[in-house]
Structures are given as C-alpha cells and as structure tokens.
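**Student:** This one is start.json, JSON, C-alpha atoms and all ligand atoms.
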[["chain", "number", "residue", "atom", "x", "y", "z"],
["A", 1, "MET", "CA", 21.96, 12.11, -11.50],
["A", 2, "ALA", "CA", 19.82, 15.07, -10.58],
["A", 3, "ALA", "CA", 19.35, 17.91, -13.06],
["A", 4, "ASP", "CA", 22.26, 19.83, -11.53],
["A", 5, "GLY", "CA", 24.60, 16.85, -11.95],
["A", 6, "ALA", "CA", 24.69, 15.97, -8.25],
["A", 7, "PRO", "CA", 24.07, 12.33, -7.27],
["A", 8, "ARG", "CA", 20.43, 11.62, -6.52],
["A", 9, "PHE", "CA", 20.02, 10.09, -3.10],
["A", 10, "GLU", "CA", 17.24, 7.86, -1.84],
["A", 11, "LEU", "CA", 16.26, 6.94, 1.68],
["A", 12, "ILE", "CA", 14.81, 3.45, 1.41],
["A", 13, "VAL", "CA", 13.04, 2.08, 4.46],
["A", 14, "GLY", "CA", 11.77, -1.42, 5.06],
["A", 15, "LEU", "CA", 8.90, -2.71, 7.17],
["A", 16, "HIS", "CA", 7.53, -6.13, 8.01],
["A", 17, "ASP", "CA", 4.25, -6.95, 9.73],
["A", 18, "VAL", "CA", 2.49, -3.74, 10.82],
["A", 19, "ALA", "CA", -0.80, -5.26, 12.03],
["A", 20, "GLU", "CA", -1.92, -4.09, 15.48],
["A", 21, "ARG", "CA", -2.31, -7.73, 16.46],
["A", 22, "PRO", "CA", 0.60, -9.45, 14.77],
["A", 23, "ASP", "CA", 0.29, -12.11, 12.12],
["A", 24, "ALA", "CA", 4.05, -12.55, 12.57],
["A", 25, "ARG", "CA", 5.09, -15.65, 14.48],
["A", 26, "GLY", "CA", 8.23, -16.80, 16.29],
["A", 27, "ASP", "CA", 11.38, -15.02, 15.08],
["A", 28, "GLU", "CA", 9.27, -12.82, 12.81],
["A", 29, "LEU", "CA", 8.01, -10.96, 15.88],
["A", 30, "SER", "CA", 11.41, -9.27, 16.27],
["A", 31, "SER", "CA", 10.55, -7.15, 13.21],
["A", 32, "TRP", "CA", 6.91, -6.50, 14.06],
["A", 33, "VAL", "CA", 5.98, -2.82, 14.56],
["A", 34, "PRO", "CA", 2.26, -2.07, 14.89],
["A", 35, "PHE", "CA", 1.15, 0.58, 12.41],
["A", 36, "SER", "CA", 0.10, 2.91, 15.24],
["A", 37, "GLU", "CA", 3.85, 3.11, 16.04],
["A", 38, "ALA", "CA", 5.15, 2.96, 12.47],
["A", 39, "GLU", "CA", 2.87, 5.70, 11.12],
["A", 40, "PRO", "CA", 4.39, 8.63, 13.08],
["A", 41, "VAL", "CA", 7.86, 7.46, 12.02],
["A", 42, "LEU", "CA", 6.81, 7.32, 8.37],
["A", 43, "ASP", "CA", 5.12, 10.73, 8.58],
["A", 44, "ALA", "CA", 8.27, 12.23, 10.15],
["A", 45, "LEU", "CA", 10.39, 10.74, 7.34],
["A", 46, "VAL", "CA", 8.05, 12.18, 4.69],
["A", 47, "ALA", "CA", 8.45, 15.62, 6.26],
["A", 48, "ARG", "CA", 12.23, 15.32, 6.63],
["A", 49, "CYS", "CA", 12.78, 14.09, 3.08],
["A", 50, "ARG", "CA", 10.67, 16.95, 1.78],
["A", 51, "GLN", "CA", 13.21, 19.26, 3.42],
["A", 52, "THR", "CA", 16.35, 17.42, 2.35],
["A", 53, "GLY", "CA", 15.28, 16.64, -1.21],
["A", 54, "VAL", "CA", 16.18, 12.98, -0.71],
["A", 55, "ARG", "CA", 13.67, 10.62, -2.34],
["A", 56, "LEU", "CA", 11.87, 8.54, 0.30],
["A", 57, "ARG", "CA", 10.98, 5.00, -0.76],
["A", 58, "ILE", "CA", 8.86, 2.65, 1.32],
["A", 59, "THR", "CA", 9.26, -1.12, 1.09],
["A", 60, "SER", "CA", 7.80, -4.02, 3.02],
["A", 61, "ASP", "CA", 8.95, -7.62, 3.20],
["A", 62, "ASP", "CA", 7.46, -11.06, 3.67],
["A", 63, "GLY", "CA", 3.97, -10.45, 2.28],
["A", 64, "PHE", "CA", 2.00, -9.81, 5.44],
["A", 65, "ARG", "CA", -1.67, -8.98, 5.01],
["A", 66, "SER", "CA", -1.01, -5.65, 6.77],
["A", 67, "ASP", "CA", 0.85, -4.51, 3.62],
["A", 68, "TYR", "CA", -2.54, -4.27, 1.99],
["A", 69, "GLU", "CA", -4.73, -3.41, 4.98],
["A", 70, "ARG", "CA", -2.59, -0.81, 6.77],
["A", 71, "LEU", "CA", 0.39, 0.35, 4.72],
["A", 72, "THR", "CA", -1.26, 0.72, 1.31],
["A", 73, "PRO", "CA", -4.05, 3.08, 2.46],
["A", 74, "TRP", "CA", -1.39, 5.26, 4.12],
["A", 75, "LEU", "CA", 0.66, 5.32, 0.90],
["A", 76, "LEU", "CA", -2.37, 6.15, -1.24],
["A", 77, "ASP", "CA", -3.42, 8.97, 1.12],
["A", 78, "ARG", "CA", -0.04, 10.60, 0.59],
["A", 79, "GLY", "CA", 0.23, 10.00, -3.14],
["A", 80, "LEU", "CA", 3.11, 7.56, -2.61],
["A", 81, "THR", "CA", 3.81, 4.12, -3.95],
["A", 82, "GLY", "CA", 5.51, 1.25, -2.17],
["A", 83, "THR", "CA", 7.42, -1.87, -3.10],
["A", 84, "PHE", "CA", 6.36, -5.19, -1.61],
["A", 85, "PHE", "CA", 8.85, -8.06, -1.52],
["A", 86, "VAL", "CA", 6.87, -11.27, -1.28],
["A", 87, "PRO", "CA", 8.17, -14.84, -0.83],
["A", 88, "SER", "CA", 6.06, -16.75, -3.35],
["A", 89, "ARG", "CA", 5.29, -19.75, -1.14],
["A", 90, "PHE", "CA", 3.81, -17.44, 1.54],
["A", 91, "ILE", "CA", 1.09, -16.20, -0.83],
["A", 92, "ASP", "CA", -2.45, -17.16, 0.24],
["A", 93, "ARG", "CA", -1.31, -18.36, 3.67],
["A", 94, "SER", "CA", -3.22, -17.17, 6.72],
["A", 95, "GLY", "CA", -2.21, -13.61, 7.65],
["A", 96, "ARG", "CA", -0.44, -13.12, 4.31],
["A", 97, "LEU", "CA", -1.28, -11.48, 1.00],
["A", 98, "SER", "CA", -3.37, -13.44, -1.45],
["A", 99, "ALA", "CA", -2.77, -13.65, -5.18],
["A", 100, "SER", "CA", -5.68, -11.29, -5.75],
["A", 101, "ASP", "CA", -4.25, -8.83, -3.17],
["A", 102, "LEU", "CA", -1.05, -8.77, -5.24],
["A", 103, "ARG", "CA", -2.97, -8.01, -8.41],
["A", 104, "GLU", "CA", -4.86, -5.24, -6.65],
["A", 105, "LEU", "CA", -1.66, -3.72, -5.26],
["A", 106, "VAL", "CA", -0.28, -3.58, -8.80],
["A", 107, "SER", "CA", -3.49, -1.98, -10.08],
["A", 108, "LEU", "CA", -3.05, 0.70, -7.38],
["A", 109, "GLY", "CA", 0.41, 1.52, -8.72],
["A", 110, "MET", "CA", 2.45, -0.47, -6.21],
["A", 111, "ASP", "CA", 5.52, -2.51, -7.15],
["A", 112, "ILE", "CA", 6.04, -6.17, -6.34],
["A", 113, "GLY", "CA", 9.54, -7.56, -5.88],
["A", 114, "VAL", "CA", 11.15, -10.97, -5.54],
["A", 115, "HIS", "CA", 12.00, -12.26, -2.05],
["A", 116, "GLY", "CA", 12.59, -15.87, -3.04],
["A", 117, "ALA", "CA", 10.17, -18.75, -2.88],
["A", 118, "ARG", "CA", 10.85, -20.28, 0.53],
["A", 119, "HIS", "CA", 12.33, -17.27, 2.39],
["A", 120, "VAL", "CA", 15.76, -18.76, 3.04],
["A", 121, "ASN", "CA", 19.20, -17.15, 3.36],
["A", 122, "TRP", "CA", 20.72, -17.24, -0.12],
["A", 123, "ALA", "CA", 24.26, -16.61, 1.12],
["A", 124, "THR", "CA", 24.41, -19.92, 2.99],
["A", 125, "MET", "CA", 22.80, -22.20, 0.38],
["A", 126, "PRO", "CA", 24.34, -24.37, -2.35],
["A", 127, "ALA", "CA", 24.45, -22.42, -5.64],
["A", 128, "ALA", "CA", 21.90, -24.55, -7.49],
["A", 129, "GLU", "CA", 19.36, -24.39, -4.66],
["A", 130, "PHE", "CA", 19.76, -20.63, -4.37],
["A", 131, "ALA", "CA", 19.31, -20.14, -8.12],
["A", 132, "GLU", "CA", 16.18, -22.29, -8.07],
["A", 133, "ASP", "CA", 14.71, -20.35, -5.14],
["A", 134, "VAL", "CA", 15.19, -17.09, -7.06],
["A", 135, "ARG", "CA", 13.78, -18.56, -10.28],
["A", 136, "GLU", "CA", 10.70, -20.04, -8.60],
["A", 137, "GLY", "CA", 10.01, -16.89, -6.54],
["A", 138, "ARG", "CA", 10.22, -14.66, -9.59],
["A", 139, "ALA", "CA", 8.26, -16.92, -11.96],
["A", 140, "ALA", "CA", 5.38, -17.29, -9.48],
["A", 141, "LEU", "CA", 5.05, -13.52, -8.97],
["A", 142, "GLU", "CA", 5.26, -12.82, -12.71],
["A", 143, "GLN", "CA", 2.58, -15.40, -13.38],
["A", 144, "ILE", "CA", 0.25, -13.89, -10.75],
["A", 145, "ILE", "CA", 0.62, -10.23, -11.71],
["A", 146, "GLY", "CA", 1.18, -10.78, -15.44],
["A", 147, "ARG", "CA", 4.23, -8.59, -15.81],
["A", 148, "ALA", "CA", 8.00, -8.71, -15.42],
["A", 149, "VAL", "CA", 9.42, -8.40, -11.88],
["A", 150, "ASP", "CA", 12.90, -6.91, -11.80],
["A", 151, "MET", "CA", 13.47, -5.84, -8.21],
["A", 152, "VAL", "CA", 14.70, -8.21, -5.52],
["A", 153, "ALA", "CA", 15.27, -8.04, -1.75],
["A", 154, "LEU", "CA", 17.65, -10.44, -0.02],
["A", 155, "PRO", "CA", 15.90, -12.71, 2.52],
["A", 156, "PHE", "CA", 17.45, -12.02, 5.94],
["A", 157, "GLY", "CA", 19.69, -9.50, 4.14],
["A", 158, "GLY", "CA", 22.06, -12.38, 3.37],
["A", 159, "PHE", "CA", 24.42, -11.87, 0.44],
["A", 160, "ASN", "CA", 27.90, -12.45, -0.86],
["A", 161, "ALA", "CA", 29.62, -11.88, -4.19],
["A", 162, "ARG", "CA", 28.17, -15.10, -5.66],
["A", 163, "VAL", "CA", 24.61, -14.05, -4.75],
["A", 164, "LEU", "CA", 25.05, -10.56, -6.19],
["A", 165, "ASP", "CA", 26.70, -11.82, -9.39],
["A", 166, "HIS", "CA", 23.82, -14.20, -10.00],
["A", 167, "LEU", "CA", 21.13, -11.57, -9.37],
["A", 168, "VAL", "CA", 22.87, -9.10, -11.68],
["A", 169, "ALA", "CA", 23.21, -11.80, -14.36],
["A", 170, "GLU", "CA", 19.48, -12.52, -14.01],
["A", 171, "GLY", "CA", 18.80, -8.91, -14.95],
["A", 172, "PHE", "CA", 17.50, -7.51, -11.68],
["A", 173, "SER", "CA", 17.60, -3.71, -11.84],
["A", 174, "GLU", "CA", 17.60, -3.22, -8.05],
["A", 175, "ILE", "CA", 18.95, -5.44, -5.27],
["A", 176, "HIS", "CA", 17.73, -4.34, -1.84],
["A", 177, "THR", "CA", 19.88, -5.23, 1.16],
["A", 178, "SER", "CA", 19.21, -4.76, 4.88],
["A", 179, "ARG", "CA", 22.32, -2.62, 5.41],
["A", 180, "SER", "CA", 21.80, 0.92, 6.63],
["A", 181, "GLY", "CA", 22.57, 4.10, 4.74],
["A", 182, "LEU", "CA", 21.34, 6.28, 1.90],
["A", 183, "ALA", "CA", 21.08, 4.73, -1.56],
["A", 184, "LEU", "CA", 22.10, 6.25, -4.87],
["A", 185, "SER", "CA", 19.48, 6.18, -7.63],
["A", 186, "ALA", "CA", 22.08, 5.15, -10.19],
["A", 187, "VAL", "CA", 23.50, 2.21, -8.20],
["A", 188, "ALA", "CA", 21.59, -1.08, -8.30],
["A", 189, "LEU", "CA", 22.71, -2.33, -4.87],
["A", 190, "LYS", "CA", 20.40, -0.54, -2.43],
["A", 191, "PRO", "CA", 21.12, 0.01, 1.26],
["A", 192, "ARG", "CA", 17.82, -0.27, 3.11],
["A", 193, "ASN", "CA", 16.91, 0.83, 6.59],
["A", 194, "MET", "CA", 14.64, -1.49, 8.48],
["A", 195, "ILE", "CA", 12.06, 0.11, 10.76],
["A", 196, "LYS", "CA", 11.98, -2.38, 13.61],
["A", 197, "PRO", "CA", 12.29, -2.30, 17.40],
["A", 198, "GLY", "CA", 15.66, -0.86, 18.41],
["A", 199, "ASN", "CA", 16.34, 0.75, 15.02],
["A", 200, "VAL", "CA", 13.73, 3.49, 14.80],
["A", 201, "GLU", "CA", 15.91, 6.36, 16.10],
["A", 202, "ALA", "CA", 18.72, 5.46, 13.68],
["A", 203, "VAL", "CA", 16.32, 5.53, 10.72],
["A", 204, "LEU", "CA", 14.83, 8.84, 11.86],
["A", 205, "ALA", "CA", 18.33, 10.32, 12.18],
["A", 206, "LEU", "CA", 19.11, 9.28, 8.60],
["A", 207, "GLY", "CA", 16.05, 11.25, 7.57],
["A", 208, "HIS", "CA", 18.01, 14.47, 8.25],
["A", 209, "ARG", "CA", 20.81, 13.58, 5.82],
["A", 210, "ARG", "CA", 20.89, 15.27, 2.45],
["A", 211, "GLY", "CA", 23.47, 12.88, 1.07],
["A", 212, "GLY", "CA", 27.03, 13.91, 0.33],
["A", 213, "TRP", "CA", 30.30, 12.53, -0.90],
["A", 214, "SER", "CA", 30.63, 10.19, 2.10],
["A", 215, "ASP", "CA", 27.20, 8.64, 1.46],
["A", 216, "ALA", "CA", 28.03, 8.22, -2.22],
["A", 217, "ALA", "CA", 31.41, 6.72, -1.37],
["A", 218, "ARG", "CA", 29.76, 4.18, 0.93],
["A", 219, "CYS", "CA", 27.49, 3.01, -1.90],
["A", 220, "ARG", "CA", 30.28, 2.88, -4.48],
["A", 221, "LEU", "CA", 32.88, 1.30, -2.21],
["A", 222, "ARG", "CA", 30.50, -1.45, -1.27],
["A", 223, "ARG", "CA", 29.90, -2.20, -4.92],
["A", 224, "LEU", "CA", 33.59, -2.09, -5.71],
["A", 225, "ALA", "CA", 34.52, -4.32, -2.79],
["A", 226, "THR", "CA", 31.90, -6.86, -3.80],
["A", 227, "GLY", "CA", 33.05, -6.85, -7.42],
["A", 228, "LEU", "CA", 36.63, -7.33, -6.34],
["A", 229, "LYS", "CA", 35.83, -10.29, -4.11],
["A", 230, "SER", "CA", 33.86, -11.78, -6.95],
["A", 231, "ARG", "CA", 36.77, -11.47, -9.39],
["A", 232, "ILE", "CA", 39.14, -13.00, -6.88],
["A", 233, "ALA", "CA", 36.76, -15.91, -6.34],
["A", 234, "ARG", "CA", 36.65, -16.61, -10.07],
["A", 235, "SER", "CA", 40.40, -16.45, -10.63],
["B", 1, "ZN", "ZN", 12.15, -11.46, 4.58]]
Go through the file and emit its structure as structure tokens.
**Tutor:**
Amino acid sequence: MAADGAPRFELIVGLHDVAERPDARGDELSSWVPFSEAEPVLDALVARCRQTGVRLRITSDDGFRSDYERLTPWLLDRGLTGTFFVPSRFIDRSGRLSASDLRELVSLGMDIGVHGARHVNWATMPAAEFAEDVREGRAALEQIIGRAVDMVALPFGGFNARVLDHLVAEGFSEIHTSRSGLALSAVALKPRNMIKPGNVEAVLALGHRRGGWSDAARCRLRRLATGLKSRIARS
C-alpha cells in the first residue's frame, strides 16, 4: 500500500536478448529486440511512469550476455536496478552470462532470479521433474552469488495451480509470469509485459495507466481463480 492507502502499482517489463547482433538462436529470435530499438521504448516508459507514479521495474530473461553489456549500463545511468532471471545451465555458455558476470551484477545492486535449470515449461512436466528443475536452478544461483534467491520467473510463462502452489511453498516472494497488465506490490504473482516484436505498442500503452480498481481486480481475481483451482484439484 502507498502512504495514502491506495494500492501501489508496478509496471514490470521483460526483455530477452538485446544485442545488436543476436546471441539468440532458433525460437529465441522471436523475442530478440536490439538495444537500439529497446532503448527508446525503455526511456519512454521511464518518462511515463514518472508521470503516473507507477513503479517501473525492468527484468530480463534467459541470461544473455547483453544483460550485462547493454542493459546494465543503461540501468546504472538512470539510477535503476534490474532483475535478471537466469537458467542455471545456461551460465558460462557462449553468448550468455558467466558466473563472474552474475557476481558483478549483484555487486552493482542488481537482483538475480530463478528461471529453472534447463529452461523447460514447468506446467507440462511431471511434478518431480519440475520440482528438481526449480531446486537445481535456485541452488546453483545461490551458490554462485552467495546469497538467497527468492524471486522466480516462469520459463515460457507456463504455469498452473500445481506450479504456483509449489513455488509459494518453496518460499518465493515474487512469481513473475508473462501475462500482461499492471502488478500490485503486495501481490506475489506478477503480471509482466514482454518487450518483443509485435508487443511494443501494447507495453507503451500500459505505460499511460495509473492503475485503478480494474487493474487491482485483475491481479486479485487471477490469484483467487488459481487458488480455487488448486483447492479443487486437492479435494
Ligand atoms: Zn525464458
């Protein structure tokens, strides 16, 4: 809650590879936006959120090297921090962040979040395999950066009640989806707006929203609906 008692809204955006010459390969290229195109969008969102009072949060997925080389300098220039969701088995691969990059990001005030170990869709996996992918991804990051990691982003945005229940039980404080909309600071399940080809105008339009009862209802209803499905599944 904000000081005046109104819900505190966040506009969370997500990026992937932003290198001018992509390190992304195959299907990953559908999310590639070179930083020369992403930067004006990010700058416009900074300006819009300054007007609306909504907190802008920048995230990036999949541990591309451009997180460190392009996005981080931009964040530091503007006094912002970002959250980087890194699949642990991608670390130290060509075109990806290294273990020492991760430690440096943390030393610069950035947050690191879990994105699994193998980068697989948790919603379509057997329960034990999914739980192991989360455990391995988290343990590897915590070992590298030497601190607890309590934010998670869903690979491919895939989730269901079972996935959410497990992540909540594992103590994650924030669960980032790939569904559009404003987020509420007080609600752990975070809508996230991916800046990728075909979605840029929609994200920019969201930058004008101040957040109101309908945005809050969307966040709360989604949580309620998920909880309900989960209880039905258990009964
Ligand atoms: Zn991903």
**Student:** Might you pull out every residue within 6 Å of range 99-110 of chain A, with all atoms listed in the file counted and same-chain residues fewer than 2 positions away left off, and present them as a ChimeraX atom specification?
**Tutor:** /A:81-82,97,145
**Student:** Determine, counting only C-alpha atoms, which protein, DNA and RNA residues have an atom within 10 Å of an atom of Glu174 in chain A; residues of the same chain fewer than 6 positions away are not included. Present the result as a PyMOL selection string.
**Tutor:** chain A and resi 113+150-153+167-168+185-190
**Student:** For the selection you just gave me, I'd like the residues written to a file as a short mmCIF file (atom, residue, chain, number, x, y, z; two decimals), in the coordinates of the input, keeping C-alpha atoms.
**Tutor:**
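Written output follows (result.cif):
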data_model
loop_
_atom_site.label_atom_id
_atom_site.label_comp_id
_atom_site.auth_asym_id
_atom_site.auth_seq_id
_atom_site.Cartn_x
_atom_site.Cartn_y
_atom_site.Cartn_z
CA GLY A 113 9.54 -7.56 -5.88
CA ASP A 150 12.90 -6.91 -11.80
CA MET A 151 13.47 -5.84 -8.21
CA VAL A 152 14.70 -8.21 -5.52
CA ALA A 153 15.27 -8.04 -1.75
CA LEU A 167 21.13 -11.57 -9.37
CA VAL A 168 22.87 -9.10 -11.68
CA SER A 185 19.48 6.18 -7.63
CA ALA A 186 22.08 5.15 -10.19
CA VAL A 187 23.50 2.21 -8.20
CA ALA A 188 21.59 -1.08 -8.30
CA LEU A 189 22.71 -2.33 -4.87
CA LYS A 190 20.40 -0.54 -2.43
#
**Student:** Just want the 6 Å neighbourhood of Ser180 in chain A, counted on all atoms listed in the file, with same-chain residues fewer than 2 positions away dropped. Output as a list of chain:residue names.
**Tutor:**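 That gives A:Pro191, A:Arg192, A:Asn193.
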**Student:** Find, counting all atoms listed in the file, the residue in A:Ala24, A:Ile12, A:Ala127, A:Ala169 that gets nearest to ligand ZN 1 (chain B).
**Tutor:**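 For ligand ZN 1 (chain B), the nearest of the candidates is A:Ala24.
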**Student:** Name the residues, by chain letter and number, that sit within 7 Å of ligand ZN 1 (chain B) using only C-alpha atoms and all ligand atoms, and give them as a PDB file with C-alpha atoms, keeping the file's coordinate frame.
**Tutor:**
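Generated file (part_10.pdb):
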ATOM      1  CA  ASP A  61       8.950  -7.620   3.200  1.00  0.00           C
ATOM      2  CA  ASP A  62       7.460 -11.060   3.670  1.00  0.00           C
ATOM      3  CA  HIS A 115      12.000 -12.260  -2.050  1.00  0.00           C
ATOM      4  CA  HIS A 119      12.330 -17.270   2.390  1.00  0.00           C
ATOM      5  CA  PRO A 155      15.900 -12.710   2.520  1.00  0.00           C
ATOM      6  CA  PHE A 156      17.450 -12.020   5.940  1.00  0.00           C
TER       7      PHE A 156
END
**Student:** Ranking A:Ala183, A:Ser214, A:Cys219, A:Arg147 by minimum distance to Asp111 in chain A and counting only C-alpha atoms, which one comes first?
**Tutor:** A:Arg147
**Student:** Quote the spacing between CA of Thr52 in chain A and CA of His16 in chain A in Å to one decimal place.
**Tutor:**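 Between these atoms lies a distance of 25.8 Å.
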**Student:** Give me, as a PDB file with C-alpha atoms, in the frame of the given file, all polymer residues having an atom no more than 12 Å from Ala47 in chain A, counting all atoms listed in the file and skipping those fewer than 4 positions away in the same chain.
**Tutor:**
ATOM      1  CA  PRO A  40       4.390   8.630  13.080  1.00  0.00           C
ATOM      2  CA  VAL A  41       7.860   7.460  12.020  1.00  0.00           C
ATOM      3  CA  LEU A  42       6.810   7.320   8.370  1.00  0.00           C
ATOM      4  CA  ASP A  43       5.120  10.730   8.580  1.00  0.00           C
ATOM      5  CA  GLN A  51      13.210  19.260   3.420  1.00  0.00           C
ATOM      6  CA  THR A  52      16.350  17.420   2.350  1.00  0.00           C
ATOM      7  CA  GLY A  53      15.280  16.640  -1.210  1.00  0.00           C
ATOM      8  CA  VAL A  54      16.180  12.980  -0.710  1.00  0.00           C
ATOM      9  CA  ARG A  55      13.670  10.620  -2.340  1.00  0.00           C
ATOM     10  CA  LEU A  56      11.870   8.540   0.300  1.00  0.00           C
ATOM     11  CA  ARG A  78      -0.040  10.600   0.590  1.00  0.00           C
ATOM     12  CA  LEU A 204      14.830   8.840  11.860  1.00  0.00           C
ATOM     13  CA  GLY A 207      16.050  11.250   7.570  1.00  0.00           C
ATOM     14  CA  HIS A 208      18.010  14.470   8.250  1.00  0.00           C
TER      15      HIS A 208
END
**Student:** With all atoms listed in the file as the basis for distance, which of A:Arg8, A:Thr124, A:Cys49, A:Val18 is at the shortest distance from Leu206 in chain A?
**Tutor:** A:Cys49
**Student:** Kindly add N, CA and C atoms to the incomplete range 32-46 of chain A and provide the output as a CSV table (one decimal), keeping the file's coordinate frame.
**Tutor:**
chain,number,residue,atom,x,y,z
A,32,TRP,N,8.3,-7.0,14.0
A,32,TRP,CA,6.9,-6.5,14.1
A,32,TRP,C,6.9,-5.1,14.7
A,33,VAL,N,6.3,-4.2,14.0
A,33,VAL,CA,6.0,-2.8,14.6
A,33,VAL,C,4.5,-2.5,14.2
A,34,PRO,N,3.7,-2.4,15.2
A,34,PRO,CA,2.3,-2.1,14.9
A,34,PRO,C,2.2,-0.7,14.2
A,35,PHE,N,1.2,-0.6,13.2
A,35,PHE,CA,1.2,0.6,12.4
A,35,PHE,C,0.9,1.8,13.2
A,36,SER,N,0.3,1.7,14.4
A,36,SER,CA,0.1,2.9,15.2
A,36,SER,C,1.5,3.5,15.7
A,37,GLU,N,2.5,2.6,15.7
A,37,GLU,CA,3.8,3.1,16.0
A,37,GLU,C,4.7,3.4,14.8
A,38,ALA,N,4.4,2.7,13.7
A,38,ALA,CA,5.2,3.0,12.5
A,38,ALA,C,4.7,4.2,11.8
A,39,GLU,N,3.4,4.6,11.9
A,39,GLU,CA,2.9,5.7,11.1
A,39,GLU,C,3.5,7.0,11.5
A,40,PRO,N,3.7,7.4,12.8
A,40,PRO,CA,4.4,8.6,13.1
A,40,PRO,C,5.8,8.7,12.6
A,41,VAL,N,6.5,7.5,12.5
A,41,VAL,CA,7.9,7.5,12.0
A,41,VAL,C,7.8,7.8,10.5
A,42,LEU,N,6.9,7.1,9.8
A,42,LEU,CA,6.8,7.3,8.4
A,42,LEU,C,6.4,8.8,8.0
A,43,ASP,N,5.5,9.3,8.8
A,43,ASP,CA,5.1,10.7,8.6
A,43,ASP,C,6.3,11.7,8.8
A,44,ALA,N,7.1,11.4,9.9
A,44,ALA,CA,8.3,12.2,10.2
A,44,ALA,C,9.3,12.1,9.0
A,45,LEU,N,9.4,10.9,8.4
A,45,LEU,CA,10.4,10.7,7.3
A,45,LEU,C,9.9,11.5,6.1
A,46,VAL,N,8.6,11.4,5.8
A,46,VAL,CA,8.0,12.2,4.7
A,46,VAL,C,8.4,13.7,4.8
